[in-house]
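A short worksheet on the structure shown next.
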Amino acid sequence: MSLLGLLGPRVGHKPLFDDLCQYHKLDKKTKLLLNHVIQKYQLSQPVEIFIDSAILERALNDEEFTESADELRQLLKTWFEIRL
(Lines give C-alpha, C1' and ligand atoms only; values in the text may rest on other atoms or scores of the structure.)
Protein backbone atom coordinates (compact mmCIF):
# COMPACT_ATOMS: atom_id res chain seq x y z
CA MET A 1 0.00 0.00 0.00
CA SER A 2 1.23 3.49 -0.71
CA LEU A 3 2.29 5.83 2.06
CA LEU A 4 -0.88 7.73 1.45
CA GLY A 5 -2.92 4.59 1.95
CA LEU A 6 -5.83 5.94 -0.07
CA LEU A 7 -5.12 4.53 -3.48
CA GLY A 8 -4.91 0.86 -2.60
CA PRO A 9 -2.00 -1.39 -3.50
CA ARG A 10 0.55 0.05 -5.87
CA VAL A 11 3.43 -1.94 -7.29
CA GLY A 12 6.85 -0.91 -8.53
CA HIS A 13 9.44 1.77 -7.97
CA LYS A 14 7.55 4.68 -9.54
CA PRO A 15 4.73 4.74 -6.98
CA LEU A 16 7.24 4.63 -4.10
CA PHE A 17 9.31 7.39 -5.71
CA ASP A 18 6.17 9.51 -6.12
CA ASP A 19 5.14 8.84 -2.51
CA LEU A 20 8.58 9.86 -1.23
CA CYS A 21 8.49 13.04 -3.30
CA GLN A 22 5.12 13.85 -1.79
CA TYR A 23 6.28 12.97 1.72
CA HIS A 24 9.26 15.32 1.36
CA LYS A 25 6.96 17.98 -0.15
CA LEU A 26 9.10 18.31 -3.27
CA ASP A 27 7.98 20.77 -5.89
CA LYS A 28 7.72 19.94 -9.58
CA LYS A 29 11.11 21.50 -10.37
CA THR A 30 12.87 19.32 -7.79
CA LYS A 31 11.07 16.19 -8.96
CA LEU A 32 12.17 16.94 -12.53
CA LEU A 33 15.75 17.40 -11.33
CA LEU A 34 15.69 14.10 -9.45
CA ASN A 35 14.20 12.34 -12.49
CA HIS A 36 16.96 13.83 -14.65
CA VAL A 37 19.61 12.50 -12.24
CA ILE A 38 17.91 9.08 -12.16
CA GLN A 39 17.85 8.89 -15.96
CA LYS A 40 21.39 10.23 -16.41
CA TYR A 41 22.85 7.61 -14.08
CA GLN A 42 20.41 4.89 -15.16
CA LEU A 43 19.32 3.97 -11.65
CA SER A 44 17.44 0.69 -11.74
CA GLN A 45 15.74 1.59 -8.46
CA PRO A 46 14.91 5.32 -8.45
CA VAL A 47 14.25 5.39 -4.69
CA GLU A 48 18.01 4.96 -4.16
CA ILE A 49 18.29 8.70 -4.69
CA PHE A 50 16.60 9.14 -1.28
CA ILE A 51 19.01 6.84 0.58
CA ASP A 52 22.39 7.08 -1.15
CA SER A 53 24.02 10.50 -0.86
CA ALA A 54 26.71 9.48 -3.38
CA ILE A 55 24.16 9.84 -6.20
CA LEU A 56 23.46 13.50 -5.43
CA GLU A 57 27.15 14.16 -4.78
CA ARG A 58 27.98 12.67 -8.19
CA ALA A 59 25.41 14.93 -9.83
CA LEU A 60 26.79 17.94 -7.95
CA ASN A 61 30.18 17.29 -9.54
CA ASP A 62 28.72 16.74 -13.02
CA GLU A 63 28.85 19.72 -15.41
CA GLU A 64 25.41 18.77 -16.70
CA PHE A 65 23.91 19.75 -13.34
CA THR A 66 25.85 22.99 -12.77
CA GLU A 67 22.71 25.13 -12.89
CA SER A 68 21.11 22.95 -10.20
CA ALA A 69 24.10 22.92 -7.83
CA ASP A 70 22.40 25.00 -5.12
CA GLU A 71 19.35 22.75 -5.14
CA LEU A 72 21.50 19.60 -5.00
CA ARG A 73 23.47 21.05 -2.07
CA GLN A 74 20.23 21.82 -0.25
CA LEU A 75 18.96 18.26 -0.74
CA LEU A 76 22.26 16.85 0.55
CA LYS A 77 22.07 19.11 3.57
CA THR A 78 18.41 18.35 4.30
CA TRP A 79 18.39 14.59 3.68
CA PHE A 80 21.93 13.59 4.63
CA GLU A 81 23.22 16.48 6.78
CA ILE A 82 26.08 16.95 4.31
CA ARG A 83 27.33 20.47 3.74
CA LEU A 84 29.31 21.18 0.58
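Convention: chains lettered A, B, ... in C-alpha coordinates order; per-chain residue numbering from 1; ligands numbered from 1 as shown.
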
Check which residues of region 7-42 of chain A sit at most 8 Å from region 58-73 of chain A using only C-alpha atoms, and return one row each with the closest pair of atoms and their distance in Å to one decimal, ordered by chain and rising number, as CSV.
residue,atom,partner,partner_atom,distance
A:Thr30,CA,A:Glu71,CA,7.8
A:Leu33,CA,A:Ser68,CA,7.8
A:Val37,CA,A:Ala59,CA,6.7

- What is the CA of Gln42 (chain A) to CA of Lys77 (chain A) distance in Å?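 Separating CA of Gln42 (chain A) from CA of Lys77 (chain A) is a distance of 23.6 Å.
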
- From a DSSP calculation on the backbone, collect every residue of chain A in alpha helix (DSSP H) and output the set as an MDAnalysis selection string. chainID A and resid 13:23 28:40 53:60 69:80

- Query: Asn35 (chain A): which residues within 12 Å, counting only C-alpha atoms, same-chain residues fewer than 4 positions away excluded, as an NGL selection string?
  - Reply: :A and (14 or 17-18 or 21 or 28-31 or 39-43 or 45-50 or 56 or 59)

- Message: Just to confirm, what's the straight-line distance from CA of Trp79 (chain A) to CA of Tyr23 (chain A) in Å (one decimal)?
- Response: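 Separation between CA of Trp79 (chain A) and CA of Tyr23 (chain A): 12.4 Å.
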
For Leu76 (chain A), find every residue with an atom within 8 Å (counting only C-alpha atoms), except residues of its own chain fewer than 4 positions away, and show them as a short mmCIF file (atom, residue, chain, number, x, y, z; two decimals) with N, CA and C atoms, in the first residue's frame.
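So the final result, stored in result.cif, reads:
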data_model
loop_
_atom_site.label_atom_id
_atom_site.label_comp_id
_atom_site.auth_asym_id
_atom_site.auth_seq_id
_atom_site.Cartn_x
_atom_site.Cartn_y
_atom_site.Cartn_z
N SER A 53 23.55 9.13 -0.62
CA SER A 53 24.02 10.50 -0.86
C SER A 53 25.01 10.58 -2.01
N LEU A 56 23.58 12.04 -5.34
CA LEU A 56 23.46 13.50 -5.43
C LEU A 56 24.83 14.16 -5.47
N GLU A 57 25.80 13.61 -4.75
CA GLU A 57 27.15 14.16 -4.78
C GLU A 57 27.75 14.02 -6.18
N LEU A 72 20.89 20.87 -5.39
CA LEU A 72 21.50 19.60 -5.00
C LEU A 72 22.16 19.72 -3.63
N PHE A 80 20.77 14.34 4.16
CA PHE A 80 21.93 13.59 4.63
C PHE A 80 22.83 14.37 5.60
N GLU A 81 22.45 15.60 5.90
CA GLU A 81 23.22 16.48 6.78
C GLU A 81 24.64 16.67 6.28
N ILE A 82 24.79 16.73 4.95
CA ILE A 82 26.08 16.95 4.31
C ILE A 82 26.11 18.39 3.81
N ARG A 83 27.16 19.08 4.18
CA ARG A 83 27.33 20.47 3.74
C ARG A 83 28.52 20.54 2.78
#
